[in-house]
Each structure stands twice: as C-alpha cells, then as structure tokens.
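S.K.: One file: final-v1.cif (mmCIF, C-alpha atoms and all ligand atoms).
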data_entry
#
loop_
_atom_site.group_PDB
_atom_site.id
_atom_site.type_symbol
_atom_site.label_atom_id
_atom_site.label_comp_id
_atom_site.auth_asym_id
_atom_site.auth_seq_id
_atom_site.Cartn_x
_atom_site.Cartn_y
_atom_site.Cartn_z
ATOM 1 C CA MET L 122 -5.758 -20.264 19.540
ATOM 2 C CA GLU L 123 -3.000 -21.075 17.026
ATOM 3 C CA THR L 124 -2.658 -18.983 13.898
ATOM 4 C CA TYR L 125 -1.988 -20.970 10.737
ATOM 5 C CA ILE L 126 1.232 -19.744 9.102
ATOM 6 C CA LYS L 127 2.048 -20.549 5.489
ATOM 7 C CA GLU L 128 5.589 -21.799 4.943
ATOM 8 C CA SER L 129 6.333 -18.962 2.533
ATOM 9 C CA GLU L 130 5.466 -16.471 5.265
ATOM 10 C CA GLN L 131 7.430 -18.025 8.117
ATOM 11 C CA GLU L 132 10.424 -15.751 7.570
ATOM 12 C CA ASN L 133 8.165 -12.712 7.640
ATOM 13 C CA PHE L 134 6.575 -13.817 10.892
ATOM 14 C CA LYS L 135 10.022 -14.353 12.421
ATOM 15 C CA LYS L 136 10.966 -10.778 11.508
ATOM 16 C CA LEU L 137 7.693 -9.530 12.918
ATOM 17 C CA ASP L 138 8.239 -11.382 16.194
ATOM 18 C CA VAL L 139 11.660 -9.750 16.593
ATOM 19 C CA ILE L 140 10.046 -6.350 16.121
ATOM 20 C CA ILE L 141 7.307 -7.142 18.636
ATOM 21 C CA GLU L 142 9.979 -8.218 21.153
ATOM 22 C CA GLU L 143 11.898 -4.986 20.611
ATOM 23 C CA GLN L 144 8.874 -2.735 20.871
ATOM 24 C CA GLY L 145 7.503 -4.341 24.010
ATOM 25 C CA ASN L 146 3.903 -3.890 24.956
ATOM 26 C CA GLU L 147 3.740 -0.266 25.960
ATOM 27 C CA GLN L 148 0.928 2.033 25.041
ATOM 28 C CA GLY L 149 1.373 3.421 21.559
ATOM 29 C CA THR L 150 3.431 0.534 20.262
ATOM 30 C CA LEU L 151 0.543 -0.984 18.304
ATOM 31 C CA ILE L 152 0.676 1.564 15.474
ATOM 32 C CA ARG L 153 4.460 1.228 15.204
ATOM 33 C CA ILE L 154 4.211 -2.559 15.083
ATOM 34 C CA LEU L 155 1.439 -2.430 12.474
ATOM 35 C CA LYS L 156 3.483 -0.057 10.338
ATOM 36 C CA LYS L 157 6.510 -2.379 10.466
ATOM 37 C CA ALA L 158 4.299 -5.414 9.825
ATOM 38 C CA GLN L 159 2.933 -3.708 6.724
ATOM 39 C CA ASP L 160 6.491 -2.983 5.550
ATOM 40 C CA ILE L 161 7.300 -6.675 5.931
ATOM 41 C CA PHE L 162 4.147 -8.231 4.447
ATOM 42 C CA GLY L 163 3.167 -5.402 2.090
ATOM 43 C CA TYR L 164 -0.304 -5.299 3.654
ATOM 44 C CA LEU L 165 -2.124 -6.368 6.795
ATOM 45 C CA PRO L 166 -4.292 -9.419 6.156
ATOM 46 C CA GLU L 167 -6.442 -10.895 8.898
ATOM 47 C CA HIS L 168 -3.976 -13.605 9.929
ATOM 48 C CA VAL L 169 -1.239 -10.997 10.478
ATOM 49 C CA GLN L 170 -3.599 -8.892 12.556
ATOM 50 C CA SER L 171 -4.601 -11.890 14.664
ATOM 51 C CA HIS L 172 -0.947 -12.834 15.197
ATOM 52 C CA ILE L 173 -0.250 -9.334 16.519
ATOM 53 C CA SER L 174 -3.348 -9.464 18.686
ATOM 54 C CA LEU L 175 -2.191 -12.754 20.282
ATOM 55 C CA LYS L 176 1.379 -11.595 20.793
ATOM 56 C CA LEU L 177 0.388 -8.313 22.381
ATOM 57 C CA ASP L 178 -2.535 -9.871 24.208
ATOM 58 C CA ILE L 179 -5.011 -7.288 22.977
ATOM 59 C CA PRO L 180 -8.372 -7.989 21.325
ATOM 60 C CA ILE L 181 -8.388 -8.490 17.558
ATOM 61 C CA SER L 182 -11.182 -5.885 17.398
ATOM 62 C CA THR L 183 -8.754 -3.279 18.778
ATOM 63 C CA VAL L 184 -6.103 -4.192 16.213
ATOM 64 C CA ASN L 185 -8.626 -4.176 13.382
ATOM 65 C CA GLY L 186 -10.097 -0.888 14.586
ATOM 66 C CA VAL L 187 -6.689 0.797 14.249
ATOM 67 C CA VAL L 188 -5.993 -0.808 10.858
ATOM 68 C CA SER L 189 -9.374 0.299 9.502
ATOM 69 C CA PHE L 190 -9.085 3.810 10.918
ATOM 70 C CA TYR L 191 -5.777 4.867 9.373
ATOM 71 C CA SER L 192 -5.651 5.170 5.589
ATOM 72 C CA LEU L 193 -1.933 4.375 5.818
ATOM 73 C CA PHE L 194 -2.852 0.734 6.475
ATOM 74 C CA SER L 195 -4.184 -1.648 3.887
ATOM 75 C CA GLN L 196 -5.944 -4.968 4.420
ATOM 76 C CA GLU L 197 -5.794 -5.804 0.721
ATOM 77 C CA LYS L 198 -2.738 -6.898 -1.183
ATOM 78 C CA GLN L 199 -1.195 -3.895 -2.941
ATOM 79 C CA GLY L 200 0.297 -3.800 -6.405
ATOM 80 C CA LYS L 201 3.999 -3.190 -6.880
ATOM 81 C CA TYR L 202 3.143 0.435 -7.652
ATOM 82 C CA THR L 203 0.461 2.332 -5.786
ATOM 83 C CA ILE L 204 -0.905 5.201 -7.845
ATOM 84 C CA GLY L 205 -2.438 7.872 -5.627
ATOM 85 C CA VAL L 206 -4.427 10.534 -7.451
ATOM 86 C CA CYS L 207 -4.890 13.636 -5.318
ATOM 87 C CA LEU L 208 -8.495 14.777 -5.274
ATOM 88 C CA GLY L 209 -7.852 17.705 -2.914
ATOM 89 C CA THR L 210 -9.394 21.049 -3.897
ATOM 90 C CA ALA L 211 -6.450 22.526 -5.827
ATOM 91 C CA CYS L 212 -5.937 19.325 -7.798
ATOM 92 C CA TYR L 213 -9.633 18.876 -8.392
ATOM 93 C CA VAL L 214 -9.972 22.407 -9.762
ATOM 94 C CA LYS L 215 -7.046 21.742 -12.115
ATOM 95 C CA GLY L 216 -8.627 18.608 -13.582
ATOM 96 C CA ALA L 217 -7.668 15.730 -11.259
ATOM 97 C CA GLN L 218 -10.910 13.915 -12.067
ATOM 98 C CA ASP L 219 -9.992 13.767 -15.779
ATOM 99 C CA VAL L 220 -6.528 12.469 -14.861
ATOM 100 C CA LEU L 221 -8.099 9.832 -12.622
ATOM 101 C CA ASP L 222 -10.490 8.804 -15.411
ATOM 102 C CA ALA L 223 -7.566 8.492 -17.826
ATOM 103 C CA ILE L 224 -5.734 6.183 -15.388
ATOM 104 C CA LYS L 225 -8.860 4.090 -14.863
ATOM 105 C CA GLU L 226 -9.207 3.714 -18.593
ATOM 106 C CA GLU L 227 -5.532 2.980 -19.199
ATOM 107 C CA LEU L 228 -5.440 0.222 -16.577
ATOM 108 C CA SER L 229 -9.100 -0.879 -16.759
ATOM 109 C CA LEU L 230 -9.196 -0.375 -13.022
ATOM 110 C CA ASP L 231 -11.406 1.287 -10.444
ATOM 111 C CA VAL L 232 -10.287 3.152 -7.328
ATOM 112 C CA GLY L 233 -9.282 0.668 -4.618
ATOM 113 C CA GLU L 234 -8.504 -2.098 -7.099
ATOM 114 C CA THR L 235 -5.267 -3.799 -8.149
ATOM 115 C CA THR L 236 -4.443 -5.020 -11.646
ATOM 116 C CA LEU L 237 -4.513 -8.799 -12.094
ATOM 117 C CA ASP L 238 -0.749 -8.866 -12.670
ATOM 118 C CA GLN L 239 -0.298 -7.185 -9.224
ATOM 119 C CA GLN L 240 1.551 -4.262 -10.789
ATOM 120 C CA PHE L 241 -0.697 -1.291 -10.032
ATOM 121 C CA THR L 242 -3.114 -0.322 -7.269
ATOM 122 C CA LEU L 243 -5.226 2.774 -7.785
ATOM 123 C CA LYS L 244 -6.144 5.074 -4.913
ATOM 124 C CA ALA L 245 -7.715 8.484 -4.509
ATOM 125 C CA THR L 246 -5.953 10.609 -1.904
ATOM 126 C CA ARG L 247 -6.459 13.905 -0.146
ATOM 127 C CA CYS L 248 -4.088 16.874 -0.475
ATOM 128 C CA ILE L 249 -0.477 15.755 -0.238
ATOM 129 C CA GLY L 250 0.831 19.305 0.166
ATOM 130 C CA ALA L 251 2.116 19.811 -3.366
ATOM 131 C CA CYS L 252 -0.780 21.987 -4.543
ATOM 132 C CA GLY L 253 1.542 24.209 -6.615
ATOM 133 C CA LEU L 254 2.026 21.201 -8.898
ATOM 134 C CA ALA L 255 -1.689 20.428 -9.246
ATOM 135 C CA PRO L 256 -2.997 18.105 -10.493
ATOM 136 C CA VAL L 257 -0.699 15.698 -8.695
ATOM 137 C CA VAL L 258 -0.315 11.936 -8.871
ATOM 138 C CA MET L 259 1.996 9.935 -6.607
ATOM 139 C CA ILE L 260 3.367 6.623 -7.761
ATOM 140 C CA ASN L 261 4.878 5.004 -4.684
ATOM 141 C CA GLU L 262 7.242 7.781 -3.465
ATOM 142 C CA ASP L 263 7.457 9.680 -6.769
ATOM 143 C CA VAL L 264 5.441 12.867 -7.211
ATOM 144 C CA HIS L 265 4.241 13.715 -10.725
ATOM 145 C CA GLY L 266 2.692 17.145 -11.150
ATOM 146 C CA ARG L 267 0.934 19.304 -13.729
ATOM 147 C CA LEU L 268 -0.430 16.236 -15.462
ATOM 148 C CA SER L 269 -3.031 16.113 -18.155
ATOM 149 C CA PRO L 270 -4.960 13.025 -19.252
ATOM 150 C CA SER L 271 -2.795 12.761 -22.365
ATOM 151 C CA ASP L 272 0.324 12.267 -20.152
ATOM 152 C CA ILE L 273 -1.093 9.151 -18.534
ATOM 153 C CA PRO L 274 -0.333 6.385 -21.065
ATOM 154 C CA SER L 275 3.396 7.249 -21.208
ATOM 155 C CA LEU L 276 3.607 7.714 -17.431
ATOM 156 C CA ILE L 277 2.100 4.287 -16.780
ATOM 157 C CA HIS L 278 4.295 2.815 -19.471
ATOM 158 C CA GLN L 279 7.451 4.129 -17.712
ATOM 159 C CA TYR L 280 6.603 2.085 -14.620
ATOM 160 C CA ALA L 281 5.436 -0.991 -16.512
ATOM 161 C CA LYS L 282 8.738 -0.846 -18.399
ATOM 162 C CA LYS L 283 10.766 -0.734 -15.164
ATOM 163 C CA THR L 284 9.185 -4.040 -14.185
ATOM 164 C CA GLU L 285 9.951 -5.552 -17.587
ATOM 165 C CA GLU L 286 13.590 -4.456 -17.287
ATOM 166 C CA VAL L 287 13.921 -6.060 -13.865
ATOM 167 C CA ILE L 288 12.448 -9.314 -15.205
ATOM 168 C CA GLU L 289 14.829 -9.259 -18.174
ATOM 169 C CA GLU L 290 17.862 -8.654 -15.930
ATOM 170 C CA LYS L 291 17.077 -11.805 -13.906
HETATM 171 S S1 LIG J 301 -4.778 19.530 -3.441
HETATM 172 FE FE1 LIG J 301 -3.559 18.106 -4.462
HETATM 173 S S2 LIG J 301 -1.630 18.415 -3.576
HETATM 174 FE FE2 LIG J 301 -2.885 19.788 -2.546
#
Take the structure in this file and express it as structure tokens.
M.R.:
Amino acid sequence: METYIKESEQENFKKLDVIIEEQGNEQGTLIRILKKAQDIFGYLPEHVQSHISLKLDIPISTVNGVVSFYSLFSQEKQGKYTIGVCLGTACYVKGAQDVLDAIKEELSLDVGETTLDQQFTLKATRCIGACGLAPVVMINEDVHGRLSPSDIPSLIHQYAKKTEEVIEEK
C-alpha cells in the first residue's frame, strides 16, 4: 500500500525517513520515532502513523495504540501555543477551575479545541510538579503560577502580541 504524500509535506517525510533509518527497528524505537515525528509535523495524523507502520513493518493498530495511550502525542493539529491548565489537586483547590473558565471565555474555546486562527490549543493537564505555584498554567514551555481569572486576558494578550510582532517583522 502506498501512502499519499502532499507536496508540502515531502520535506517532512524525508526528515522522518532519515530518523527511522537511524533508529533502526529495535524494540522501544517506536516511541522515540513517534516523538521525533511529532516534533517534525507538529502532530501525528493518520497518514504519518501509517507511514511509520509501513516503514517499521508493524501493524497500524500497534502504532495507533501507542499514540492514543500517551497524552504526549496528539492526533489533532495543535495551535502555535498550547495552553495547559493544571487540574491537579493543589491547583484545583486554589481555583484552577475558575482560571480554566476564564481562558475558555477569553478564547471562546473548549478543552481539546484549537482556535480557528491556529494560535491556541486548550488542554487540561494533571500535576506538573509546580504545586507551590498553584494554580498553574503552562503555555508551551513557560510556567505561569499563582494566577487568578483576572490575569487571563493580559496573559493571553502577551502571546497573541508575540505572533503579531513576528508577522510585522516579516
Ligand atoms: S497540582 Fe498543579 S502543579 Fe501540582
């Protein structure tokens, strides 16, 4: 079976094939390859999963099982910024639900969704180990702690502004 590859993705598939060559087909390489594939494509759509399945000669159900099992992997396209609101106990007790509601309202978004302009994806996470800063929100790699709902509009604005600046610089 041939996988259909869009022209715009050919470069990405070339990079992925190099990685698959390097990793070989030993036990345990699948997760590493999936992680790198997600770094390249930004997410793991079905045609990427089936490409990996063909190259490694393992069933697509095995690949998909791993992708679905680990929350680290995403089968949906992610926004430029992923906002992860911690709903672990410490954060929850300190008002994480209100912070989450404020983000939903600010972006008109539900958990698991991405804004139409592909800027923000909203996720609920478990404890990220920064309980002393509860309630905690991660935006990509940045940790923001001790937030209240009233902090949310300016926080979101900071990131939206970064994008605008990049566009203006071009
Ligand atoms: S409970 Fe939120 S960081 Fe630990």
S.K.: Throw together the list of residues within 10 Å of ligand LIG 301 (chain J), counting all atoms listed in the file, and drop it here as a list in words.
M.R.: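 After applying the 10 Å limit, what remains is Val206, Cys207, Leu208, Gly209, Thr210, Ala211, Cys212, Tyr213, Val214, Lys215, Ala217, Thr246, Arg247, Cys248, Ile249, Gly250, Ala251, Cys252, Gly253, Leu254, Ala255, Pro256, Val257, Val258, Met259, Val264 and Gly266 of chain L.
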S.K.: Deliver the residues from the most recent selection as a file, using C-alpha atoms, as an mmCIF file, keeping the file's coordinate frame.
M.R.:
data_model
loop_
_atom_site.group_PDB
_atom_site.id
_atom_site.type_symbol
_atom_site.label_atom_id
_atom_site.label_comp_id
_atom_site.auth_asym_id
_atom_site.auth_seq_id
_atom_site.Cartn_x
_atom_site.Cartn_y
_atom_site.Cartn_z
ATOM 1 C CA VAL L 206 -4.427 10.534 -7.451
ATOM 2 C CA CYS L 207 -4.890 13.636 -5.318
ATOM 3 C CA LEU L 208 -8.495 14.777 -5.274
ATOM 4 C CA GLY L 209 -7.852 17.705 -2.914
ATOM 5 C CA THR L 210 -9.394 21.049 -3.897
ATOM 6 C CA ALA L 211 -6.450 22.526 -5.827
ATOM 7 C CA CYS L 212 -5.937 19.325 -7.798
ATOM 8 C CA TYR L 213 -9.633 18.876 -8.392
ATOM 9 C CA VAL L 214 -9.972 22.407 -9.762
ATOM 10 C CA LYS L 215 -7.046 21.742 -12.115
ATOM 11 C CA ALA L 217 -7.668 15.730 -11.259
ATOM 12 C CA THR L 246 -5.953 10.609 -1.904
ATOM 13 C CA ARG L 247 -6.459 13.905 -0.146
ATOM 14 C CA CYS L 248 -4.088 16.874 -0.475
ATOM 15 C CA ILE L 249 -0.477 15.755 -0.238
ATOM 16 C CA GLY L 250 0.831 19.305 0.166
ATOM 17 C CA ALA L 251 2.116 19.811 -3.366
ATOM 18 C CA CYS L 252 -0.780 21.987 -4.543
ATOM 19 C CA GLY L 253 1.542 24.209 -6.615
ATOM 20 C CA LEU L 254 2.026 21.201 -8.898
ATOM 21 C CA ALA L 255 -1.689 20.428 -9.246
ATOM 22 C CA PRO L 256 -2.997 18.105 -10.493
ATOM 23 C CA VAL L 257 -0.699 15.698 -8.695
ATOM 24 C CA VAL L 258 -0.315 11.936 -8.871
ATOM 25 C CA MET L 259 1.996 9.935 -6.607
ATOM 26 C CA VAL L 264 5.441 12.867 -7.211
ATOM 27 C CA GLY L 266 2.692 17.145 -11.150
#
S.K.: Identify which of the residues L:Thr150, L:Thr235, L:Thr242, L:Thr284 lies closest to Tyr202 (chain L), counting all atoms listed in the file when measuring atom-to-atom distances.
M.R.: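 The shortest atom-to-atom distance to Tyr202 (chain L) comes from L:Thr242.
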S.K.: Might you spell out which residues the PyMOL selection byres (((chain L and resi 173) around 10) and not hetatm) would select in the displayed file, as a list of chain:residue names?
M.R.: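 Here the PyMOL selection byres (((chain L and resi 173) around 10) and not hetatm) matches L:Phe134, L:Leu137, L:Asp138, L:Ile141, L:Leu151, L:Ile154, L:Leu155, L:Ala158, L:Glu167, L:His168, L:Val169, L:Gln170, L:Ser171, L:His172, L:Ser174, L:Leu175, L:Lys176, L:Leu177, L:Asp178, L:Ile179, L:Pro180, L:Ile181, L:Val184.
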S.K.: For a test of reading the model, state the distance in Å between CA of Arg267 (chain L) and CA of Tyr191 (chain L), rounded to one decimal.
M.R.: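 Answer for the CA of Arg267 (chain L) to CA of Tyr191 (chain L) separation: 28.1 Å.
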S.K.: Calculated over all atoms listed in the file, which of the candidates L:Lys136, L:Lys156, L:Lys198, L:His265 has the smallest distance to Leu237 (chain L)?
M.R.: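 Looking only at the distances to Leu237 (chain L), the closest residue turns out to be L:Lys198.
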S.K.: Taking into account only C-alpha atoms, which residue in the set L:Ile273, L:Thr236, L:Gly186, L:Glu262 is nearest to Ile224 (chain L)?
M.R.: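 Ranked by minimum distance to Ile224 (chain L), first place goes to L:Ile273.
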S.K.: When distances are computed from all atoms listed in the file, which of L:Lys135, L:Lys282, L:Lys201, L:Arg153 shows the smallest separation from Ile260 (chain L)?
M.R.: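 Closest to Ile260 (chain L) of all the choices is L:Lys201.
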S.K.: When you draw a straight line from CA of Gly205 (chain L) to CA of Phe162 (chain L), how long is it in Å?
M.R.: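 One can read the CA of Gly205 (chain L) to CA of Phe162 (chain L) distance as 20.1 Å.
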S.K.: Using only C-alpha atoms, which residue out of L:Ser269, L:Gln159, L:Ser229, L:Gln144 lies closest to Phe194 (chain L)?
M.R.: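 Between L:Ser269, L:Gln159, L:Ser229, L:Gln144, the residue approaching Phe194 (chain L) most closely is L:Gln159.
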S.K.: Could you check how far CA of Gln240 (chain L) sits from CA of Leu193 (chain L), in Å to one decimal?
M.R.: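 Pair CA of Gln240 (chain L) / CA of Leu193 (chain L) returns 19.0 Å.
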S.K.: Using the chain letters and numbers from this file, what does the PyMOL selection byres (((chain L and resi 277) around 10) and not hetatm) select? Give the answer as a PDB file with C-alpha atoms, in the frame of the given file.
M.R.:
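Heads up, here's the output in result_33.pdb:
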ATOM      1  CA  TYR L 202       3.143   0.435  -7.652  1.00  0.00           C
ATOM      2  CA  ILE L 204      -0.905   5.201  -7.845  1.00  0.00           C
ATOM      3  CA  ILE L 224      -5.734   6.183 -15.388  1.00  0.00           C
ATOM      4  CA  GLU L 227      -5.532   2.980 -19.199  1.00  0.00           C
ATOM      5  CA  LEU L 228      -5.440   0.222 -16.577  1.00  0.00           C
ATOM      6  CA  PHE L 241      -0.697  -1.291 -10.032  1.00  0.00           C
ATOM      7  CA  ILE L 260       3.367   6.623  -7.761  1.00  0.00           C
ATOM      8  CA  ASP L 272       0.324  12.267 -20.152  1.00  0.00           C
ATOM      9  CA  ILE L 273      -1.093   9.151 -18.534  1.00  0.00           C
ATOM     10  CA  PRO L 274      -0.333   6.385 -21.065  1.00  0.00           C
ATOM     11  CA  SER L 275       3.396   7.249 -21.208  1.00  0.00           C
ATOM     12  CA  LEU L 276       3.607   7.714 -17.431  1.00  0.00           C
ATOM     13  CA  HIS L 278       4.295   2.815 -19.471  1.00  0.00           C
ATOM     14  CA  GLN L 279       7.451   4.129 -17.712  1.00  0.00           C
ATOM     15  CA  TYR L 280       6.603   2.085 -14.620  1.00  0.00           C
ATOM     16  CA  ALA L 281       5.436  -0.991 -16.512  1.00  0.00           C
ATOM     17  CA  LYS L 282       8.738  -0.846 -18.399  1.00  0.00           C
TER      18      LYS L 282
END
S.K.: Would you mind exporting region 180-191 of chain L with all heavy atoms, as an mmCIF file, in the first residue's frame?
M.R.:
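Writing done, so here's decode_9.cif:
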data_model
loop_
_atom_site.group_PDB
_atom_site.id
_atom_site.type_symbol
_atom_site.label_atom_id
_atom_site.label_comp_id
_atom_site.auth_asym_id
_atom_site.auth_seq_id
_atom_site.Cartn_x
_atom_site.Cartn_y
_atom_site.Cartn_z
ATOM 1 N N PRO L 180 1.967 -3.382 12.611
ATOM 2 C CA PRO L 180 0.583 -3.034 12.294
ATOM 3 C C PRO L 180 0.232 -1.610 12.699
ATOM 4 O O PRO L 180 0.710 -1.125 13.737
ATOM 5 C CB PRO L 180 -0.244 -4.037 13.109
ATOM 6 C CG PRO L 180 0.706 -5.073 13.586
ATOM 7 C CD PRO L 180 2.086 -4.491 13.552
ATOM 8 N N ILE L 181 -0.604 -0.975 11.880
ATOM 9 C CA ILE L 181 -1.053 0.393 12.174
ATOM 10 C C ILE L 181 -1.770 0.433 13.535
ATOM 11 O O ILE L 181 -1.688 1.412 14.268
ATOM 12 C CB ILE L 181 -1.951 0.944 11.021
ATOM 13 C CG1 ILE L 181 -2.436 2.367 11.294
ATOM 14 C CG2 ILE L 181 -3.128 0.073 10.743
ATOM 15 C CD1 ILE L 181 -1.460 3.438 11.065
ATOM 16 N N SER L 182 -2.439 -0.669 13.882
ATOM 17 C CA SER L 182 -3.155 -0.696 15.176
ATOM 18 C C SER L 182 -2.170 -0.566 16.340
ATOM 19 O O SER L 182 -2.479 0.034 17.368
ATOM 20 C CB SER L 182 -3.980 -1.968 15.304
ATOM 21 O OG SER L 182 -3.133 -3.082 15.160
ATOM 22 N N THR L 183 -0.964 -1.115 16.177
ATOM 23 C CA THR L 183 0.049 -1.004 17.235
ATOM 24 C C THR L 183 0.511 0.448 17.346
ATOM 25 O O THR L 183 0.618 0.999 18.442
ATOM 26 C CB THR L 183 1.272 -1.906 16.913
ATOM 27 O OG1 THR L 183 0.800 -3.211 16.690
ATOM 28 C CG2 THR L 183 2.308 -1.893 18.016
ATOM 29 N N VAL L 184 0.758 1.060 16.191
ATOM 30 C CA VAL L 184 1.217 2.457 16.185
ATOM 31 C C VAL L 184 0.132 3.334 16.818
ATOM 32 O O VAL L 184 0.389 4.139 17.716
ATOM 33 C CB VAL L 184 1.516 2.936 14.745
ATOM 34 C CG1 VAL L 184 1.909 4.401 14.731
ATOM 35 C CG2 VAL L 184 2.616 2.085 14.127
ATOM 36 N N ASN L 185 -1.099 3.148 16.360
ATOM 37 C CA ASN L 185 -2.192 3.974 16.863
ATOM 38 C C ASN L 185 -2.449 3.732 18.350
ATOM 39 O O ASN L 185 -2.788 4.665 19.088
ATOM 40 C CB ASN L 185 -3.467 3.721 16.054
ATOM 41 C CG ASN L 185 -4.526 4.718 16.421
ATOM 42 O OD1 ASN L 185 -5.464 4.393 17.134
ATOM 43 N ND2 ASN L 185 -4.369 5.958 15.985
ATOM 44 N N GLY L 186 -2.249 2.498 18.780
ATOM 45 C CA GLY L 186 -2.431 2.180 20.202
ATOM 46 C C GLY L 186 -1.474 3.002 21.066
ATOM 47 O O GLY L 186 -1.861 3.554 22.100
ATOM 48 N N VAL L 187 -0.219 3.101 20.619
ATOM 49 C CA VAL L 187 0.787 3.865 21.374
ATOM 50 C C VAL L 187 0.443 5.357 21.345
ATOM 51 O O VAL L 187 0.465 6.042 22.371
ATOM 52 C CB VAL L 187 2.211 3.622 20.792
ATOM 53 C CG1 VAL L 187 3.235 4.529 21.440
ATOM 54 C CG2 VAL L 187 2.608 2.170 20.972
ATOM 55 N N VAL L 188 0.073 5.848 20.161
ATOM 56 C CA VAL L 188 -0.256 7.278 20.023
ATOM 57 C C VAL L 188 -1.441 7.640 20.920
ATOM 58 O O VAL L 188 -1.437 8.673 21.601
ATOM 59 C CB VAL L 188 -0.572 7.618 18.541
ATOM 60 C CG1 VAL L 188 -1.099 9.029 18.409
ATOM 61 C CG2 VAL L 188 0.679 7.445 17.686
ATOM 62 N N SER L 189 -2.451 6.773 20.955
ATOM 63 C CA SER L 189 -3.638 7.069 21.759
ATOM 64 C C SER L 189 -3.350 6.947 23.258
ATOM 65 O O SER L 189 -3.966 7.628 24.068
ATOM 66 C CB SER L 189 -4.789 6.112 21.449
ATOM 67 O OG SER L 189 -4.909 5.910 20.100
ATOM 68 N N PHE L 190 -2.427 6.068 23.611
ATOM 69 C CA PHE L 190 -2.175 5.811 25.029
ATOM 70 C C PHE L 190 -1.456 6.969 25.725
ATOM 71 O O PHE L 190 -1.802 7.351 26.833
ATOM 72 C CB PHE L 190 -1.352 4.524 25.188
ATOM 73 C CG PHE L 190 -1.111 4.156 26.621
ATOM 74 C CD1 PHE L 190 -2.117 3.555 27.368
ATOM 75 C CD2 PHE L 190 0.111 4.435 27.232
ATOM 76 C CE1 PHE L 190 -1.908 3.230 28.708
ATOM 77 C CE2 PHE L 190 0.329 4.119 28.571
ATOM 78 C CZ PHE L 190 -0.690 3.507 29.306
ATOM 79 N N TYR L 191 -0.464 7.534 25.067
ATOM 80 C CA TYR L 191 0.349 8.569 25.717
ATOM 81 C C TYR L 191 -0.200 9.970 25.451
ATOM 82 O O TYR L 191 -0.358 10.360 24.288
ATOM 83 C CB TYR L 191 1.804 8.504 25.230
ATOM 84 C CG TYR L 191 2.515 7.271 25.699
ATOM 85 C CD1 TYR L 191 2.657 6.164 24.879
ATOM 86 C CD2 TYR L 191 3.031 7.197 26.995
ATOM 87 C CE1 TYR L 191 3.298 5.019 25.310
ATOM 88 C CE2 TYR L 191 3.678 6.050 27.441
ATOM 89 C CZ TYR L 191 3.806 4.974 26.600
ATOM 90 O OH TYR L 191 4.446 3.838 27.036
#
